[in-house]
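Structure first, commentary second.
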Amino acid sequence: MIALPEPDAAVLARRDRILADLRDLLPDPGPARPGGQAVIGDPERLRAYETDGLSAYRQPPLAVVLPTTTEEVAAVLRYCHRNGIRVVPRGAGTSLSGGALPLADAVVIGLMRMNRILEVDYADRLAVVQAGVTNIGITQAVAAEGFFYAPDPSSQLACMIGGNVMMNSGGAHCLKYGVTAGNLLGVKFVTIEGEVIEIGGAHLDAAGYDWLGLITGSEGQLGLVTEVTVRILRAAEGARAMLAAFRANEVAGQVVDAIIGSGIIPVALEFMDRPAIHACEAFAQAGYPLDAEAMLIIEVEGNAEEQDALLARLKEICGRFDPISLRVAETAEESLAIWKGRKGAFGAIGRISPDYLCMDGTIPVGELPRVLRRMQEMSDDYGLKVANIFHAGDGNLHPLIMFDANDPESFRRAEAFGADILKLCVEVGGCLTGEHGVGVEKRDLMTVQFNPAELAQQRRIKSAFDPQWLLNPAKVFPLEGNPLVHPPATAAA
Amino acid sequence: MSDLLAPQTEEALLGVVRRAAAAGEPLAIEGLGGKRAMLRPVQAARTLSTRALTGITLYRPEELVLSARAGTPLPEIEAALDARRQMITAEPPDFSALFGHDQPSTLGGMVAANLSGPRRIGPAGALRDQVLGVRAVTGHAELIRSGGRVHKNVTGLDLCKLLAGSHGTLGVLTEITLKLLPRPEASLTVAVRVPDLRHGVAALSAGLGSPYGVSGAALLPEGYPPLGLDGAVALLRLEDFAEFLAHRSAGLRAALAGHGETGLLEGEASLALWRTVRDAAALGALPGEAIWRLSLRPSAAPAAARALREAFGARLLLDWGGGLVWVAGPASDAAHRAVMTAARASRGTFTLFRAPDALRAAVPVLPEEPPPLAAIGARVKAAMDPSGILNPGRMRG
């Protein structure tokens with residue numbers, strides 16, 4: 001287990017006073033506050049916030065506040081800053097790295113009630129939304145006009161744009177459409193001092209330092225975001241998928257190289273290894289070839305003729321590598337059938353294993369066969385099964401390590417196995433996390449990727465925004481090496 | 001001209017910064033010096049150049065990744081990419097003519113200024129979005145890495161973004177890794193004759209809102225005489241496999257039919273046209289004139305343009321669907337004030353891109369930041385460059 005710091009006893013002792021003060025700042029219901037109470041202190045209700053998508057870690061917070069305006073967020077931050085109280089921002093709580101894990105002495109600021117779409121402008125191709133709008137909610141709001149918001153993390157039905165900004169979320173279509181950072185125009189940013197700053201706006205490139213780029217992916221270390229201006233794009237006329245299965249991981253890797261080398265950028269290029277193919281097929285009966293070692297799902301965009309032309313080229317490329325199976329969707333329904341198994345992957349693994357850890361390293365694409373070989377050896381050593389799903393176009397690898405959470409020894413081994421995989425990703429020239437973030441989960445592995453000078457430089461930037469280190473503590477940066485900042489525990493608020 | 005130091009290794013460069021930091025002596029930071037006339041003049045007795053740190057250090061076409069030392073001239077990189085039918089997706093401009101010299105830009109200089117061409121409007125975004133990793137020497141005289149050589153990486157704070165566009169004031173870039181894309185097989189341009197800027201921006205919006213994958217959307221208010229285009233013309237570029245372009249251009253022309261008479265430019269004519277847009281040659285700035293860039297909401301561009309024409313007869317070039325307005329006019333304080341006012345009125349930003357030393361030393365070349373952000377900015381500058389030796393005064397006075 002990853003260590004969390006001792007809570008500040010002085011803050012815990014002031015709990016009742018803090019709750020009363022927060023209730024003064026965010027007074028209760030009435031018609032102005034749909035959804036009811038804005039400050040939660042009841043231990044039973046706090047348990048709903050004790051964890052996120054990394055459910056092995058649980059810790060109820062001191063209090064939860066559910067503001068509905070930027071001014072309320074600013075007021076809570078100002079209060080916490082003045083009183084030396086730690087703050088944990090939270091969107092939908094879908095973080096797979098423990099990014100929203102509370103601390104016992106921290107106030108969780110939940111942004112889920114800030115869920116309004118404020119403006120959509122098709123001529124300028126942008127939408128202004130509050131931080132608690134879901135990722136899919138943006139696309140749904142603009143789909144009737146043929147537009148969409150491009151980044152599409154797997155959790156897009158639930159995850160919120162504010163969390164996407166903080167984690168710089170990706171998805172399956174990054175090779176063509178980029179990650180969150182490339183699809184943002186501006187944010188309303190609230191500092192730990194409670195200052196509200198407009199960063200960026202409705203225009204593309206800001207003059208001066210790229211604050212928007214620095215804040216994106218900062219995992220709540222620098223400040224909170226309450227409003228986001230995103231680019232919306234006109235969708236292509238259509239998309240269609242094909243499936244290609246091969247005898248060896250190496251061969252599938254060569255196919256990926258050949259596709260990229262041909263000048264085609266598929267809108268999705270997903271790789272599944274043998275265990276993933278079997279798990280998904282058992283779950284979804286998508287007709288995946290069970291005798292294959294590796295399978296690719298390749299999707300292209302365009303009108304019907306363009307899809308035909310691109311799929312014919314891709315079929316020809318795959319055909320050169322002695323495929324076991326080659327299936328080109330002729331219709332949208334056949335495309336859905338090809339995707340059905342892949343989209344159900346998490347459920348599929350959940351069916352064959354009581355629990356699993358979803359890892360998230362990135363590797364240079366050419367290293368895939370070597371990494372999968374080494375991972376199989378580790379799997380044998382640890383006695384835990386692993387299935388692999390890989391965004392092959394951009395090198396983002398998602399090993400799913402299966403374990404039993406009721407067996408602490410099994411969880412310990414799963415964590416160690418996961419850490420070894422991520423170290424391997426760094427060793428072959430990749431990184432610890434492609435899209436899930438460091439959070440708590442990978443915090444102590446940061447020294448594998450960064451040397452002391454590099455970590456010190458990142459910490460100095462953090463300190464420039466948050467000198468007292470009150471924002472989302474115990475995440476991202478290994479605890480040893482952080483400046484010893486003691487929040488001034490003033491006696492009274 | 002100050003003394004020029006051009007270390008040949010990263011280690012030697014580190015030594016230069018270490019000695020300067022210890023002595024508290026400011027350094028002007030540059031590659032080949034082609035952007036000296038940008039932003040504010042730097043007062044420093046010595047110039048640290050990355051021009052001797054050259055060469056491509058890694059190129060994996062099948063992974064769409066290239067690394068090169070910061071001083072590598074862009075044409076050298078583009079030639080290597082061209083041989084494998086790939087490209088730097090942001091379409092970095094060549095501003096040598098604009099700045100009146102024949103120096104190519106270095107990779108480091110382009111990234112330090114985060115300059116992107118017409119393709120900025122597409123899904124691949126700005127040059128900074130295509131920077132996968134950097135190596136840089138900070139004012140602490142430490143070599144740091146951020147990012148890496150893989151496409152998706154959210155490990156730690158993204159100092160690549162902070163350094164891109166920081167004009168050498170936070171660190172000296174020594175090596176950069178870029179994400180690439182295949183070079184499109186063919187491209188063409190749909191040109192729409194429009195009565196004025198407002199209708200022109202509307203035509204660009206209609207094109208960008210179509211499903212045909214427009215990869216460039218510019219507006220030439222005075223047309224482009226070399227190609228026989230007179231009067232305001234909206235330009236929309238399509239790029240892809242050659243076999244797809246016929247039906248796409250037909251679809252795009254149909255979608256734009258209500259916006260004005262459309263024509264088609266293909267082959268070298270189309271390529272040359274987009275180079276002049278990319279390099280802002282189509283702006284037609286005269287020697288001695290100042291040049292500004294406004295980044296604003298596209299629908300706000302016509303009003304800003306009208307205000308600047310009325311204020312000082314500004315000559316204009318619009319790119320990025322109208323969101324980037326190039327402005328040329330007299331290098332005067334009054335003209336600069338008009339640009340600042342237009343940027344503020346449109347809730348956009350401005351850069352004084354080129355001006356005589358006297359003007360750019362006397363006025364803010366970038367918009368002021370609100371006080372809380374300026375305070376953070378000062379702390380971040382101190383966190384990266386505690387002695388204030390890197391390009392002091394380059395961005396702000």
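Quick note on naming: the chains in the structure tokens go A, B, ... in the order shown, residues restart at 1 in each chain, and ligands are numbered from 1 in order of appearance.
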Residue hits in chain B, query chain A, radius 6 Å, only C-alpha atoms, as a tab-separated table (two decimals) with all heavy atoms, in the first residue's frame:
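Written output follows (out.tsv):
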chain	number	residue	atom	x	y	z
B	62	GLU	N	8.16	5.16	-38.53
B	62	GLU	CA	7.01	4.27	-38.26
B	62	GLU	C	6.38	4.57	-36.90
B	62	GLU	O	5.28	4.13	-36.62
B	62	GLU	CB	7.43	2.80	-38.37
B	62	GLU	CG	8.42	2.30	-37.36
B	62	GLU	CD	9.85	2.82	-37.55
B	62	GLU	OE1	10.15	3.47	-38.56
B	62	GLU	OE2	10.67	2.56	-36.65
B	123	PRO	N	-7.13	19.51	-36.16
B	123	PRO	CA	-7.17	18.81	-34.89
B	123	PRO	C	-5.80	18.60	-34.25
B	123	PRO	O	-5.72	18.39	-33.04
B	123	PRO	CB	-7.84	17.47	-35.22
B	123	PRO	CG	-7.73	17.31	-36.70
B	123	PRO	CD	-7.65	18.69	-37.26
B	125	GLY	N	-3.49	20.74	-33.81
B	125	GLY	CA	-3.22	21.86	-32.92
B	125	GLY	C	-1.94	22.62	-33.22
B	125	GLY	O	-1.43	22.63	-34.34
B	129	ASP	N	1.55	21.54	-29.06
B	129	ASP	CA	0.83	20.28	-28.88
B	129	ASP	C	1.59	19.11	-29.49
B	129	ASP	O	1.29	17.96	-29.20
B	129	ASP	CB	-0.56	20.37	-29.50
B	129	ASP	CG	-1.43	21.39	-28.80
B	129	ASP	OD1	-1.58	21.27	-27.58
B	129	ASP	OD2	-1.92	22.33	-29.46
B	144	ILE	N	17.29	19.63	-17.31
B	144	ILE	CA	16.08	18.87	-16.98
B	144	ILE	C	15.44	18.33	-18.25
B	144	ILE	O	15.61	18.88	-19.34
B	144	ILE	CB	15.04	19.72	-16.22
B	144	ILE	CG1	14.62	20.94	-17.06
B	144	ILE	CG2	15.57	20.15	-14.86
B	144	ILE	CD1	13.33	21.58	-16.58
B	150	VAL	N	7.30	9.50	-26.42
B	150	VAL	CA	6.08	8.76	-26.74
B	150	VAL	C	4.91	9.74	-26.89
B	150	VAL	O	4.94	10.84	-26.34
B	150	VAL	CB	5.77	7.68	-25.67
B	150	VAL	CG1	6.77	6.54	-25.77
B	150	VAL	CG2	5.77	8.27	-24.27
B	151	HIS	N	3.90	9.29	-27.62
B	151	HIS	CA	2.82	10.21	-28.01
B	151	HIS	C	1.93	10.62	-26.85
B	151	HIS	O	1.39	11.70	-26.85
B	151	HIS	CB	1.96	9.57	-29.10
B	151	HIS	CG	2.62	9.57	-30.43
B	151	HIS	ND1	2.15	10.29	-31.49
B	151	HIS	CD2	3.73	8.95	-30.87
B	151	HIS	CE1	2.93	10.11	-32.53
B	151	HIS	NE2	3.90	9.29	-32.19
B	152	LYS	N	1.72	9.70	-25.90
B	152	LYS	CA	0.82	10.02	-24.81
B	152	LYS	C	1.59	9.95	-23.51
B	152	LYS	O	2.14	8.91	-23.18
B	152	LYS	CB	-0.36	9.06	-24.79
B	152	LYS	CG	-1.62	9.69	-25.36
B	152	LYS	CD	-2.57	8.66	-25.83
B	152	LYS	CE	-3.70	8.41	-24.88
B	152	LYS	NZ	-4.57	7.34	-25.40
B	153	ASN	N	1.60	11.06	-22.78
B	153	ASN	CA	2.44	11.13	-21.60
B	153	ASN	C	1.88	12.21	-20.68
B	153	ASN	O	1.87	13.38	-21.04
B	153	ASN	CB	3.87	11.48	-22.04
B	153	ASN	CG	4.85	11.46	-20.89
B	153	ASN	OD1	4.46	11.42	-19.72
B	153	ASN	ND2	6.12	11.51	-21.21
B	154	VAL	N	1.38	11.80	-19.53
B	154	VAL	CA	0.88	12.80	-18.58
B	154	VAL	C	1.62	12.69	-17.25
B	154	VAL	O	1.08	12.99	-16.20
B	154	VAL	CB	-0.65	12.68	-18.36
B	154	VAL	CG1	-1.40	12.99	-19.63
B	154	VAL	CG2	-1.05	11.30	-17.85
B	155	THR	N	2.89	12.25	-17.32
B	155	THR	CA	3.64	12.01	-16.10
B	155	THR	C	4.24	13.30	-15.57
B	155	THR	O	5.17	13.85	-16.16
B	155	THR	CB	4.77	10.99	-16.38
B	155	THR	OG1	4.27	9.97	-17.25
B	155	THR	CG2	5.25	10.36	-15.09
B	157	LEU	N	4.22	17.42	-14.01
B	157	LEU	CA	3.82	18.70	-14.61
B	157	LEU	C	4.40	18.82	-16.01
B	157	LEU	O	5.54	18.42	-16.26
B	157	LEU	CB	4.29	19.86	-13.73
B	157	LEU	CG	3.66	19.95	-12.34
B	157	LEU	CD1	4.24	21.14	-11.58
B	157	LEU	CD2	2.15	20.08	-12.43
B	158	ASP	N	3.64	19.40	-16.93
B	158	ASP	CA	4.05	19.47	-18.33
B	158	ASP	C	4.90	20.72	-18.56
B	158	ASP	O	4.40	21.77	-18.97
B	158	ASP	CB	2.81	19.48	-19.22
B	158	ASP	CG	3.16	19.30	-20.68
B	158	ASP	OD1	4.36	19.38	-21.02
B	158	ASP	OD2	2.24	19.10	-21.49
B	161	LYS	N	5.09	22.40	-22.20
B	161	LYS	CA	4.15	23.46	-22.56
B	161	LYS	C	4.64	24.80	-21.99
B	161	LYS	O	4.57	25.84	-22.64
B	161	LYS	CB	2.76	23.15	-22.02
B	161	LYS	CG	2.14	21.89	-22.59
B	161	LYS	CD	1.35	22.18	-23.84
B	161	LYS	CE	0.59	20.99	-24.41
B	161	LYS	NZ	0.95	19.67	-24.03
B	162	LEU	N	5.14	24.76	-20.75
B	162	LEU	CA	5.60	25.99	-20.13
B	162	LEU	C	6.79	26.57	-20.91
B	162	LEU	O	6.89	27.79	-21.11
B	162	LEU	CB	5.99	25.73	-18.67
B	162	LEU	CG	6.41	26.94	-17.86
B	162	LEU	CD1	5.29	27.96	-17.76
B	162	LEU	CD2	6.85	26.52	-16.46
B	166	SER	N	7.97	30.35	-24.25
B	166	SER	CA	8.51	31.18	-23.17
B	166	SER	C	9.72	31.99	-23.66
B	166	SER	O	10.35	32.69	-22.88
B	166	SER	CB	8.90	30.32	-21.97
B	166	SER	OG	10.03	29.53	-22.26
B	182	PRO	N	2.04	11.88	-41.37
B	182	PRO	CA	2.35	11.71	-42.79
B	182	PRO	C	2.00	12.99	-43.54
B	182	PRO	O	1.03	13.66	-43.20
B	182	PRO	CB	1.43	10.57	-43.23
B	182	PRO	CG	0.98	9.90	-41.98
B	182	PRO	CD	1.03	10.93	-40.90
B	205	SER	N	-15.97	30.01	-41.58
B	205	SER	CA	-16.67	29.24	-40.56
B	205	SER	C	-17.49	28.13	-41.20
B	205	SER	O	-17.52	27.00	-40.68
B	205	SER	CB	-17.59	30.14	-39.73
B	205	SER	OG	-16.82	30.95	-38.87
B	209	GLY	N	-16.90	24.28	-40.56
B	209	GLY	CA	-18.01	23.54	-39.98
B	209	GLY	C	-18.54	22.45	-40.90
B	209	GLY	O	-19.51	21.79	-40.56
B	211	PRO	N	-17.98	18.76	-43.08
B	211	PRO	CA	-17.29	17.52	-42.72
B	211	PRO	C	-16.13	17.17	-43.66
B	211	PRO	O	-15.70	16.03	-43.68
B	211	PRO	CB	-18.41	16.47	-42.82
B	211	PRO	CG	-19.34	17.01	-43.84
B	211	PRO	CD	-19.25	18.50	-43.78
B	295	SER	N	-4.70	37.35	-31.70
B	295	SER	CA	-5.36	36.05	-31.62
B	295	SER	C	-6.70	36.30	-30.95
B	295	SER	O	-6.75	36.79	-29.81
B	295	SER	CB	-4.49	35.10	-30.80
B	295	SER	OG	-5.13	33.85	-30.66
B	296	LEU	N	-7.79	36.02	-31.65
B	296	LEU	CA	-9.10	36.34	-31.10
B	296	LEU	C	-10.15	35.37	-31.62
B	296	LEU	O	-9.89	34.53	-32.48
B	296	LEU	CB	-9.47	37.80	-31.40
B	296	LEU	CG	-9.08	38.37	-32.76
B	296	LEU	CD1	-9.94	37.78	-33.85
B	296	LEU	CD2	-9.21	39.88	-32.75
B	297	ARG	N	-11.32	35.51	-31.06
B	297	ARG	CA	-12.45	34.71	-31.48
B	297	ARG	C	-12.77	35.07	-32.93
B	297	ARG	O	-12.89	36.27	-33.26
B	297	ARG	CB	-13.61	35.09	-30.56
B	297	ARG	CG	-14.85	34.31	-30.72
B	297	ARG	CD	-15.83	34.76	-29.64
B	297	ARG	NE	-16.95	33.86	-29.67
B	297	ARG	CZ	-17.58	33.42	-28.60
B	297	ARG	NH1	-17.23	33.83	-27.41
B	297	ARG	NH2	-18.57	32.58	-28.71
B	298	PRO	N	-12.89	34.08	-33.83
B	298	PRO	CA	-13.03	34.42	-35.26
B	298	PRO	C	-14.14	35.42	-35.54
B	298	PRO	O	-13.95	36.36	-36.33
B	298	PRO	CB	-13.32	33.06	-35.91
B	298	PRO	CG	-12.64	32.07	-35.02
B	298	PRO	CD	-12.77	32.62	-33.63
B	379	ARG	N	6.63	34.38	-9.74
B	379	ARG	CA	7.15	33.26	-8.92
B	379	ARG	C	7.63	32.11	-9.79
B	379	ARG	O	8.62	31.45	-9.48
B	379	ARG	CB	6.05	32.79	-7.95
B	379	ARG	CG	5.70	33.81	-6.86
B	379	ARG	CD	5.04	33.16	-5.65
B	379	ARG	NE	3.74	32.58	-5.92
B	379	ARG	CZ	2.58	33.24	-5.80
B	379	ARG	NH1	2.57	34.51	-5.43
B	379	ARG	NH2	1.44	32.63	-6.05
B	380	VAL	N	6.90	31.86	-10.92
B	380	VAL	CA	7.35	30.79	-11.82
B	380	VAL	C	8.68	31.16	-12.47
B	380	VAL	O	9.59	30.33	-12.58
B	380	VAL	CB	6.27	30.50	-12.89
B	380	VAL	CG1	6.83	29.66	-14.03
B	380	VAL	CG2	5.07	29.80	-12.25
B	383	ALA	N	11.21	30.52	-10.06
B	383	ALA	CA	11.38	29.08	-9.83
B	383	ALA	C	12.23	28.44	-10.92
B	383	ALA	O	12.88	27.42	-10.71
B	383	ALA	CB	10.01	28.39	-9.78
Please return, as a PyMOL selection string, all residues of region 75-228 of chain B that DSSP assigns to alpha helix (DSSP H) on the basis of the backbone. chain B and resi 75-83+107-113+159-163+197-208
Please identify all polymer residues within 8 Å of region 23-32 of chain B, counting only C-alpha atoms, omitting same-chain residues fewer than 2 positions from it, and present them as a ChimeraX atom specification. /B:19-21,34,36,42-51,70-71,103-106,108-109,168,172,387-392
Quick one: write out the picked residues with C-alpha atoms as a PDB file, in the first residue's frame?
ATOM      1  CA  ARG B  19      29.044  30.822 -14.791  1.00  0.00           C
ATOM      2  CA  ALA B  20      26.461  33.424 -15.777  1.00  0.00           C
ATOM      3  CA  ALA B  21      24.204  32.445 -12.877  1.00  0.00           C
ATOM      4  CA  GLY B  34      16.498  35.298 -36.744  1.00  0.00           C
ATOM      5  CA  ARG B  36      15.915  39.178 -32.556  1.00  0.00           C
ATOM      6  CA  VAL B  42      17.259  42.102 -24.623  1.00  0.00           C
ATOM      7  CA  GLN B  43      20.008  44.047 -22.896  1.00  0.00           C
ATOM      8  CA  ALA B  44      22.819  41.579 -22.263  1.00  0.00           C
ATOM      9  CA  ALA B  45      26.560  41.760 -22.721  1.00  0.00           C
ATOM     10  CA  ARG B  46      26.649  38.179 -23.937  1.00  0.00           C
ATOM     11  CA  THR B  47      24.497  36.046 -26.189  1.00  0.00           C
ATOM     12  CA  LEU B  48      24.154  32.305 -25.676  1.00  0.00           C
ATOM     13  CA  SER B  49      23.317  30.605 -28.949  1.00  0.00           C
ATOM     14  CA  THR B  50      22.280  26.995 -29.531  1.00  0.00           C
ATOM     15  CA  ARG B  51      23.446  27.193 -33.164  1.00  0.00           C
ATOM     16  CA  ALA B  70      17.747  22.731 -30.590  1.00  0.00           C
ATOM     17  CA  GLY B  71      20.088  24.483 -33.016  1.00  0.00           C
ATOM     18  CA  GLN B 103      18.615  32.947 -41.699  1.00  0.00           C
ATOM     19  CA  PRO B 104      16.508  29.840 -41.364  1.00  0.00           C
ATOM     20  CA  SER B 105      14.793  29.231 -38.060  1.00  0.00           C
ATOM     21  CA  THR B 106      16.158  26.611 -35.720  1.00  0.00           C
ATOM     22  CA  GLY B 108      14.624  25.464 -30.737  1.00  0.00           C
ATOM     23  CA  GLY B 109      13.763  28.976 -31.872  1.00  0.00           C
ATOM     24  CA  GLY B 168      14.093  31.520 -23.697  1.00  0.00           C
ATOM     25  CA  VAL B 172      17.442  27.128 -22.800  1.00  0.00           C
ATOM     26  CA  SER B 387      19.003  34.996 -10.835  1.00  0.00           C
ATOM     27  CA  GLY B 388      16.974  36.412 -13.715  1.00  0.00           C
ATOM     28  CA  ILE B 389      19.755  35.822 -16.222  1.00  0.00           C
ATOM     29  CA  LEU B 390      17.807  34.221 -19.092  1.00  0.00           C
ATOM     30  CA  ASN B 391      16.664  36.707 -21.750  1.00  0.00           C
ATOM     31  CA  PRO B 392      15.710  39.394 -19.225  1.00  0.00           C
TER      32      PRO B 392
END
What is the distance between CA of Leu127 (chain B) and CA of Gly322 (chain B), in Å to one decimal?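 Calculated distance between CA of Leu127 (chain B) and CA of Gly322 (chain B) is 18.7 Å.
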I want to know what sits within 10 Å of region 248-251 of chain A, based on only C-alpha atoms, with residues of the same chain fewer than 4 positions away left out; could you give that as a VMD selection string? chain A and resid 255 to 257 271 to 274 292 to 295 318 321 to 323 366 to 370 372 to 373
Quick one: residues within 10 Å of Leu208 (chain B), only C-alpha atoms counted, chain neighbours fewer than 4 positions away excluded, as a PyMOL selection string? (chain A and resi 122-125+233-234) or (chain B and resi 121-122+202-204+212-217+236-237+252+320-321)
Could you take the residues named above and write them with N, CA and C atoms, as a PDB file, in the first residue's frame?
ATOM      1  N   TYR A 122     -21.347  27.492 -32.939  1.00  0.00           N
ATOM      2  CA  TYR A 122     -20.879  26.647 -34.048  1.00  0.00           C
ATOM      3  C   TYR A 122     -20.006  27.433 -35.019  1.00  0.00           C
ATOM      4  N   ALA A 123     -20.290  28.731 -35.180  1.00  0.00           N
ATOM      5  CA  ALA A 123     -19.486  29.516 -36.118  1.00  0.00           C
ATOM      6  C   ALA A 123     -18.049  29.623 -35.610  1.00  0.00           C
ATOM      7  N   ASP A 124     -17.888  29.833 -34.293  1.00  0.00           N
ATOM      8  CA  ASP A 124     -16.543  29.912 -33.726  1.00  0.00           C
ATOM      9  C   ASP A 124     -16.056  28.552 -33.224  1.00  0.00           C
ATOM     10  N   ARG A 125     -16.887  27.534 -33.346  1.00  0.00           N
ATOM     11  CA  ARG A 125     -16.547  26.142 -33.033  1.00  0.00           C
ATOM     12  C   ARG A 125     -16.042  25.979 -31.600  1.00  0.00           C
ATOM     13  N   LEU A 233     -15.453  20.132 -32.896  1.00  0.00           N
ATOM     14  CA  LEU A 233     -15.063  19.876 -34.279  1.00  0.00           C
ATOM     15  C   LEU A 233     -16.232  19.277 -35.042  1.00  0.00           C
ATOM     16  N   ARG A 234     -16.286  19.571 -36.327  1.00  0.00           N
ATOM     17  CA  ARG A 234     -17.283  18.935 -37.167  1.00  0.00           C
ATOM     18  C   ARG A 234     -16.856  17.481 -37.380  1.00  0.00           C
TER      19      ARG A 234
ATOM     20  N   ILE B 121      -5.244  25.328 -37.255  1.00  0.00           N
ATOM     21  CA  ILE B 121      -6.700  25.275 -37.124  1.00  0.00           C
ATOM     22  C   ILE B 121      -7.219  23.836 -37.066  1.00  0.00           C
ATOM     23  N   GLY B 122      -6.406  22.876 -37.501  1.00  0.00           N
ATOM     24  CA  GLY B 122      -6.841  21.480 -37.552  1.00  0.00           C
ATOM     25  C   GLY B 122      -6.746  20.792 -36.208  1.00  0.00           C
ATOM     26  N   ALA B 202     -17.441  34.471 -42.308  1.00  0.00           N
ATOM     27  CA  ALA B 202     -18.590  33.558 -42.326  1.00  0.00           C
ATOM     28  C   ALA B 202     -18.326  32.390 -43.283  1.00  0.00           C
ATOM     29  N   ALA B 203     -17.689  32.679 -44.423  1.00  0.00           N
ATOM     30  CA  ALA B 203     -17.371  31.604 -45.377  1.00  0.00           C
ATOM     31  C   ALA B 203     -16.359  30.630 -44.765  1.00  0.00           C
ATOM     32  N   LEU B 204     -15.363  31.182 -44.061  1.00  0.00           N
ATOM     33  CA  LEU B 204     -14.373  30.302 -43.420  1.00  0.00           C
ATOM     34  C   LEU B 204     -15.040  29.419 -42.374  1.00  0.00           C
ATOM     35  N   TYR B 212     -15.612  18.121 -44.434  1.00  0.00           N
ATOM     36  CA  TYR B 212     -14.641  17.762 -45.463  1.00  0.00           C
ATOM     37  C   TYR B 212     -13.188  17.854 -45.010  1.00  0.00           C
ATOM     38  N   GLY B 213     -12.962  18.214 -43.769  1.00  0.00           N
ATOM     39  CA  GLY B 213     -11.594  18.201 -43.247  1.00  0.00           C
ATOM     40  C   GLY B 213     -10.752  19.371 -43.730  1.00  0.00           C
ATOM     41  N   VAL B 214     -11.272  20.582 -43.650  1.00  0.00           N
ATOM     42  CA  VAL B 214     -10.526  21.780 -44.074  1.00  0.00           C
ATOM     43  C   VAL B 214      -9.281  21.938 -43.195  1.00  0.00           C
ATOM     44  N   SER B 215      -8.106  22.074 -43.813  1.00  0.00           N
ATOM     45  CA  SER B 215      -6.855  22.128 -43.044  1.00  0.00           C
ATOM     46  C   SER B 215      -6.196  23.496 -43.083  1.00  0.00           C
ATOM     47  N   GLY B 216      -6.853  24.453 -43.742  1.00  0.00           N
ATOM     48  CA  GLY B 216      -6.353  25.819 -43.763  1.00  0.00           C
ATOM     49  C   GLY B 216      -7.519  26.712 -44.111  1.00  0.00           C
ATOM     50  N   ALA B 217      -7.645  27.855 -43.418  1.00  0.00           N
ATOM     51  CA  ALA B 217      -8.795  28.743 -43.655  1.00  0.00           C
ATOM     52  C   ALA B 217      -8.314  30.168 -43.463  1.00  0.00           C
ATOM     53  N   LEU B 236      -9.873  28.144 -48.600  1.00  0.00           N
ATOM     54  CA  LEU B 236     -10.052  26.954 -47.773  1.00  0.00           C
ATOM     55  C   LEU B 236      -9.272  25.801 -48.393  1.00  0.00           C
ATOM     56  N   ARG B 237      -8.397  25.214 -47.597  1.00  0.00           N
ATOM     57  CA  ARG B 237      -7.506  24.175 -48.116  1.00  0.00           C
ATOM     58  C   ARG B 237      -7.997  22.785 -47.723  1.00  0.00           C
ATOM     59  N   LEU B 252     -17.385  20.798 -50.748  1.00  0.00           N
ATOM     60  CA  LEU B 252     -17.067  22.061 -50.080  1.00  0.00           C
ATOM     61  C   LEU B 252     -17.562  23.251 -50.902  1.00  0.00           C
ATOM     62  N   TRP B 320      -6.277  31.027 -39.660  1.00  0.00           N
ATOM     63  CA  TRP B 320      -6.936  30.254 -38.597  1.00  0.00           C
ATOM     64  C   TRP B 320      -8.434  30.543 -38.555  1.00  0.00           C
ATOM     65  N   GLY B 321      -9.064  30.568 -39.689  1.00  0.00           N
ATOM     66  CA  GLY B 321     -10.508  30.779 -39.739  1.00  0.00           C
ATOM     67  C   GLY B 321     -10.929  32.170 -39.326  1.00  0.00           C
TER      68      GLY B 321
END
Backbone DSSP call of strand (DSSP E or B) for region 112-328 of chain B, listed as a ChimeraX atom specification: /B:131-138,143-147,171-182,186-193,214-220,223-224,229-230,233-240,262-266,290-295,315-319,324-328
Just want the 8 Å neighbourhood of Gly288 (chain B), counted on only C-alpha atoms, with same-chain residues fewer than 2 positions away dropped. Output as a ChimeraX atom specification. /B:286,290,330-331,355-356
Taking N, CA and C atoms for each residue, export the selection above as a JSON list (two decimals), in the first residue's frame.
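This went into out-v1.json:
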[["chain", "number", "residue", "atom", "x", "y", "z"],
["B", 286, "LEU", "N", 5.51, 46.77, -45.33],
["B", 286, "LEU", "CA", 6.61, 47.52, -45.92],
["B", 286, "LEU", "C", 7.78, 47.58, -44.93],
["B", 290, "ALA", "N", 5.52, 48.43, -38.59],
["B", 290, "ALA", "CA", 5.37, 47.46, -37.50],
["B", 290, "ALA", "C", 4.40, 46.37, -37.93],
["B", 330, "PRO", "N", 1.94, 51.74, -39.40],
["B", 330, "PRO", "CA", 3.06, 52.58, -38.98],
["B", 330, "PRO", "C", 3.58, 52.16, -37.60],
["B", 331, "ALA", "N", 4.90, 52.22, -37.43],
["B", 331, "ALA", "CA", 5.52, 51.83, -36.16],
["B", 331, "ALA", "C", 5.40, 53.01, -35.19],
["B", 355, "ALA", "N", 8.99, 45.36, -34.87],
["B", 355, "ALA", "CA", 8.97, 46.82, -34.77],
["B", 355, "ALA", "C", 10.40, 47.31, -34.56],
["B", 356, "PRO", "N", 10.65, 48.57, -34.89],
["B", 356, "PRO", "CA", 11.96, 49.14, -34.59],
["B", 356, "PRO", "C", 12.21, 49.10, -33.08]]
